[in-house]
Amino acid sequence: MELRVLQYFLAVTREQSISGAAESLHLSQPTLSRQLKDMEEELGKQLFIRSNRKITLTEEGMILRKRAEEIMELVKKTWDEITLSDESVSGNITVGAGETDGVRFLARAAQAVRKDYPLVHFHIVSGDKVSVTEDLDRGLVDFGLLFGEIDTSKYECLKVPFQDSFGVLMRRDSPLAEKEAIASEDLWDKPLIVSRQILHDASLPTILGCSQEKLNIAASYNLLFNGSLMVEEGIGYAICFDKIINVTGNSNLCLRPLVKKIDADMHIVWKKYQVFTKAAEKYLLQLQQMMG
């Protein structure tokens, strides 16, 4: 399968019509239709459901779209790395990271690099541990900021000199808001909103001292801003890191620490034997210098 045909396929998924995609690609409609038909025959799968109004994707088509987008992004990243690998330091540094105050440290390192090399551009891709490690493994990001245990057989890592602490985000009119700190047992019978990473890592027993099966998990979030909206709407109490959601001023929310303080270490990680661009090399060197 050629990259050119994948581009054609993605154009059709974007435009949701053969005619619209053909126009955007400057191809004739019969030529594009033939290319797509050849692709379906090559794969032995129907990718599109064609109708008079628009084209929709089959289940196999949706899988191909996701993979095609990743492939084209990786191709672009590879092209940039090769074409920019001259004596000048320029190009993109991409870091996958969750919502944490530790991103400040990454930003300080990026700013220090950009001060010397203004043609370097810094990008944060938001996600939790699951999505960040997937992007690392696929080469879509240069570095990842991860919490918890690191698989050192796959990744190199540096411990970041920041720690996040778990707390409980709640409405100011919640009964528990009267407390200065929340005991684990205060939450055992309450509706809880937890992150996908907490569920994936099965870390609730460590945080709350109670098996997950006995807790009332009302909802989950990937990014805490969405979790905070669920808290505002009264779905429950969110278990989360502190210093992320602004609870000052006129906010309807407040955050209370846990009586049993639980801290989470974070690491900047990258794949073993990874070949870096000059920009990424400078960034890693800056991180190492800042960590002493």
# chains A, B, ... in the order shown; residues from 1 in each chain; ligands from 1

call {"tool": "select_by_dssp", "arguments": {"residues": "range 43-144 of chain A", "states": "strand (DSSP E)", "output": "NGL selection string"}}
result
:A and (48-50 or 55-57 or 91-97 or 120-126 or 143-144)

call {"tool": "closest_atom_pairs", "arguments": {"of": "range 94-188 of chain A", "to": "range 262-285 of chain A", "cutoff": "6 Å", "atoms": "only C-alpha atoms", "output": "JSON lines"}}
result
{"residue": "A:Phe143", "atom": "CA", "partner": "A:Trp270", "partner_atom": "CA", "distance": 4.9}
{"residue": "A:Gly144", "atom": "CA", "partner": "A:Val269", "partner_atom": "CA", "distance": 5.2}
{"residue": "A:Leu145", "atom": "CA", "partner": "A:Ile268", "partner_atom": "CA", "distance": 4.6}
{"residue": "A:Leu146", "atom": "CA", "partner": "A:His267", "partner_atom": "CA", "distance": 5.4}
{"residue": "A:Phe147", "atom": "CA", "partner": "A:Met266", "partner_atom": "CA", "distance": 4.5}
{"residue": "A:Lys154", "atom": "CA", "partner": "A:Lys272", "partner_atom": "CA", "distance": 5.8}
{"residue": "A:Tyr155", "atom": "CA", "partner": "A:Lys271", "partner_atom": "CA", "distance": 4.5}
{"residue": "A:Glu156", "atom": "CA", "partner": "A:Trp270", "partner_atom": "CA", "distance": 5.4}
{"residue": "A:Cys157", "atom": "CA", "partner": "A:Val269", "partner_atom": "CA", "distance": 4.2}
{"residue": "A:Leu158", "atom": "CA", "partner": "A:Ile268", "partner_atom": "CA", "distance": 5.3}
{"residue": "A:Lys159", "atom": "CA", "partner": "A:His267", "partner_atom": "CA", "distance": 4.3}
{"residue": "A:Val160", "atom": "CA", "partner": "A:His267", "partner_atom": "CA", "distance": 5.2}
{"residue": "A:Gln163", "atom": "CA", "partner": "A:Asp265", "partner_atom": "CA", "distance": 5.4}
{"residue": "A:Asp164", "atom": "CA", "partner": "A:Ala264", "partner_atom": "CA", "distance": 5.4}
{"residue": "A:Ser165", "atom": "CA", "partner": "A:Asp263", "partner_atom": "CA", "distance": 4.4}
{"residue": "A:Phe166", "atom": "CA", "partner": "A:Ile262", "partner_atom": "CA", "distance": 5.8}

call {"tool": "select_by_dssp", "arguments": {"residues": "range 1-112 of chain A", "states": "alpha helix (DSSP H)", "output": "PyMOL selection string"}}
result
chain A and resi 3-15+18-25+29-43+59-83+103-112

call {"tool": "residues_around", "arguments": {"residues": "range 120-126 of chain A", "least_positions_apart": "3", "cutoff": "7 Å", "atoms": "only C-alpha atoms", "output": "list in words"}}
result
Val89, Ser90, Gly91, Asn92, Ile93, Thr94, Val95, Gly96, Ala97, Gly98, Ala110, Arg114, Tyr117 and Ala279 of chain A

call {"tool": "closest_residue", "arguments": {"among": "A:Val247, A:Glu185, A:Ser17, A:Asp128", "to": "Leu223 in chain A", "atoms": "only C-alpha atoms"}}
result
A:Asp128

call {"tool": "residues_around", "arguments": {"residues": "Phe241 in chain A", "least_positions_apart": "2", "cutoff": "12 Å", "atoms": "only C-alpha atoms", "output": "PyMOL selection string"}}
result
chain A and resi 98-102+147+163-169+194-195+198+207+223-225+227-228+238-239+243-246+255-258+261-265

call {"tool": "atom_distance", "arguments": {"atom1": "CA of Asp189 in chain A", "atom2": "CA of Lys214 in chain A"}}
result
8.7 Å

call {"tool": "closest_residue", "arguments": {"among": "A:Leu27, A:Leu36, A:Ile18, A:Ile63", "to": "Ser51 in chain A", "atoms": "only C-alpha atoms"}}
result
A:Ile18

call {"tool": "closest_residue", "arguments": {"among": "A:Ile182, A:Val12, A:Val259, A:Ile49", "to": "Ser33 in chain A", "atoms": "only C-alpha atoms"}}
result
A:Val12

call {"tool": "residues_around", "arguments": {"residues": "Leu199 in chain A", "least_positions_apart": "3", "cutoff": "12 Å", "atoms": "only C-alpha atoms", "output": "mmCIF file with C-alpha atoms, in the first residue's frame"}}
result
data_model
loop_
_atom_site.group_PDB
_atom_site.id
_atom_site.type_symbol
_atom_site.label_atom_id
_atom_site.label_comp_id
_atom_site.auth_asym_id
_atom_site.auth_seq_id
_atom_site.Cartn_x
_atom_site.Cartn_y
_atom_site.Cartn_z
ATOM 1 C CA ASP A 128 -2.468 9.901 30.455
ATOM 2 C CA LYS A 129 0.098 7.140 30.942
ATOM 3 C CA VAL A 130 -1.680 4.783 28.561
ATOM 4 C CA LEU A 192 -16.138 8.887 43.183
ATOM 5 C CA ILE A 193 -14.738 10.289 39.945
ATOM 6 C CA VAL A 194 -11.304 8.863 39.157
ATOM 7 C CA SER A 195 -8.783 9.076 36.344
ATOM 8 C CA ARG A 196 -8.426 6.385 33.702
ATOM 9 C CA ALA A 202 -5.337 -0.361 39.981
ATOM 10 C CA SER A 203 -3.912 2.100 42.511
ATOM 11 C CA LEU A 204 -7.135 2.964 44.376
ATOM 12 C CA PRO A 205 -6.442 0.451 47.199
ATOM 13 C CA THR A 206 -3.127 2.243 47.841
ATOM 14 C CA ILE A 207 -4.731 5.689 47.771
ATOM 15 C CA SER A 211 -10.530 -2.524 47.339
ATOM 16 C CA GLN A 212 -11.837 -0.998 44.128
ATOM 17 C CA GLU A 213 -14.780 -3.405 44.019
ATOM 18 C CA LEU A 215 -15.985 1.637 46.139
ATOM 19 C CA ILE A 217 -16.937 4.569 41.057
ATOM 20 C CA ALA A 219 -17.404 8.192 36.603
ATOM 21 C CA SER A 220 -13.902 8.436 35.163
ATOM 22 C CA TYR A 221 -11.946 11.077 33.270
ATOM 23 C CA ASN A 222 -8.908 11.291 31.053
ATOM 24 C CA ILE A 239 -9.609 11.846 43.272
#

call {"tool": "residues_around", "arguments": {"residues": "Gln46 in chain A", "least_positions_apart": "4", "cutoff": "12 Å", "atoms": "only C-alpha atoms", "output": "list in words"}}
result
Leu36, Lys37, Asp38, Met39, Glu40, Glu41, Glu42, Arg50, Thr56, Leu57, Thr58, Glu59, Glu60, Gly61, Met62, Ile63 and Leu64 of chain A

call {"tool": "decode", "arguments": {"residues": "range 9-29 of chain A", "atoms": "N, CA and C atoms", "output": "PDB file, in the first residue's frame"}}
result
ATOM      1  N   PHE A   9      -7.098   8.189   0.851  1.00  0.00           N
ATOM      2  CA  PHE A   9      -8.086   7.617   1.772  1.00  0.00           C
ATOM      3  C   PHE A   9      -8.444   8.617   2.866  1.00  0.00           C
ATOM      4  N   LEU A  10      -7.444   9.275   3.445  1.00  0.00           N
ATOM      5  CA  LEU A  10      -7.690  10.239   4.509  1.00  0.00           C
ATOM      6  C   LEU A  10      -8.444  11.462   3.988  1.00  0.00           C
ATOM      7  N   ALA A  11      -8.183  11.846   2.743  1.00  0.00           N
ATOM      8  CA  ALA A  11      -8.908  12.969   2.157  1.00  0.00           C
ATOM      9  C   ALA A  11     -10.393  12.640   2.035  1.00  0.00           C
ATOM     10  N   VAL A  12     -10.714  11.411   1.664  1.00  0.00           N
ATOM     11  CA  VAL A  12     -12.111  10.999   1.536  1.00  0.00           C
ATOM     12  C   VAL A  12     -12.781  10.978   2.911  1.00  0.00           C
ATOM     13  N   THR A  13     -12.056  10.486   3.935  1.00  0.00           N
ATOM     14  CA  THR A  13     -12.649  10.465   5.276  1.00  0.00           C
ATOM     15  C   THR A  13     -12.870  11.876   5.796  1.00  0.00           C
ATOM     16  N   ARG A  14     -12.012  12.795   5.383  1.00  0.00           N
ATOM     17  CA  ARG A  14     -12.152  14.183   5.825  1.00  0.00           C
ATOM     18  C   ARG A  14     -13.319  14.874   5.126  1.00  0.00           C
ATOM     19  N   GLU A  15     -13.406  14.680   3.819  1.00  0.00           N
ATOM     20  CA  GLU A  15     -14.446  15.360   3.026  1.00  0.00           C
ATOM     21  C   GLU A  15     -15.782  14.626   3.072  1.00  0.00           C
ATOM     22  N   GLN A  16     -15.729  13.333   3.407  1.00  0.00           N
ATOM     23  CA  GLN A  16     -16.914  12.471   3.453  1.00  0.00           C
ATOM     24  C   GLN A  16     -17.615  12.357   2.101  1.00  0.00           C
ATOM     25  N   SER A  17     -16.865  12.574   1.052  1.00  0.00           N
ATOM     26  CA  SER A  17     -17.401  12.362  -0.293  1.00  0.00           C
ATOM     27  C   SER A  17     -16.251  12.194  -1.276  1.00  0.00           C
ATOM     28  N   ILE A  18     -16.514  11.403  -2.312  1.00  0.00           N
ATOM     29  CA  ILE A  18     -15.499  11.185  -3.347  1.00  0.00           C
ATOM     30  C   ILE A  18     -15.268  12.475  -4.121  1.00  0.00           C
ATOM     31  N   SER A  19     -16.354  13.158  -4.470  1.00  0.00           N
ATOM     32  CA  SER A  19     -16.216  14.361  -5.290  1.00  0.00           C
ATOM     33  C   SER A  19     -15.457  15.456  -4.545  1.00  0.00           C
ATOM     34  N   GLY A  20     -15.783  15.652  -3.258  1.00  0.00           N
ATOM     35  CA  GLY A  20     -15.087  16.669  -2.481  1.00  0.00           C
ATOM     36  C   GLY A  20     -13.610  16.352  -2.312  1.00  0.00           C
ATOM     37  N   ALA A  21     -13.294  15.068  -2.064  1.00  0.00           N
ATOM     38  CA  ALA A  21     -11.896  14.669  -1.919  1.00  0.00           C
ATOM     39  C   ALA A  21     -11.149  14.809  -3.230  1.00  0.00           C
ATOM     40  N   ALA A  22     -11.800  14.433  -4.340  1.00  0.00           N
ATOM     41  CA  ALA A  22     -11.156  14.536  -5.650  1.00  0.00           C
ATOM     42  C   ALA A  22     -10.814  15.994  -5.964  1.00  0.00           C
ATOM     43  N   GLU A  23     -11.714  16.890  -5.604  1.00  0.00           N
ATOM     44  CA  GLU A  23     -11.464  18.311  -5.851  1.00  0.00           C
ATOM     45  C   GLU A  23     -10.288  18.818  -5.017  1.00  0.00           C
ATOM     46  N   SER A  24     -10.243  18.419  -3.751  1.00  0.00           N
ATOM     47  CA  SER A  24      -9.159  18.882  -2.881  1.00  0.00           C
ATOM     48  C   SER A  24      -7.813  18.295  -3.288  1.00  0.00           C
ATOM     49  N   LEU A  25      -7.839  17.105  -3.895  1.00  0.00           N
ATOM     50  CA  LEU A  25      -6.597  16.444  -4.316  1.00  0.00           C
ATOM     51  C   LEU A  25      -6.214  16.774  -5.757  1.00  0.00           C
ATOM     52  N   HIS A  26      -7.086  17.507  -6.454  1.00  0.00           N
ATOM     53  CA  HIS A  26      -6.860  17.845  -7.862  1.00  0.00           C
ATOM     54  C   HIS A  26      -6.763  16.582  -8.719  1.00  0.00           C
ATOM     55  N   LEU A  27      -7.685  15.649  -8.438  1.00  0.00           N
ATOM     56  CA  LEU A  27      -7.790  14.410  -9.211  1.00  0.00           C
ATOM     57  C   LEU A  27      -9.179  14.336  -9.828  1.00  0.00           C
ATOM     58  N   SER A  28      -9.295  13.530 -10.854  1.00  0.00           N
ATOM     59  CA  SER A  28     -10.626  13.282 -11.388  1.00  0.00           C
ATOM     60  C   SER A  28     -11.335  12.293 -10.471  1.00  0.00           C
ATOM     61  N   GLN A  29     -12.653  12.385 -10.427  1.00  0.00           N
ATOM     62  CA  GLN A  29     -13.416  11.508  -9.559  1.00  0.00           C
ATOM     63  C   GLN A  29     -13.258  10.032  -9.929  1.00  0.00           C
TER      64      GLN A  29
END
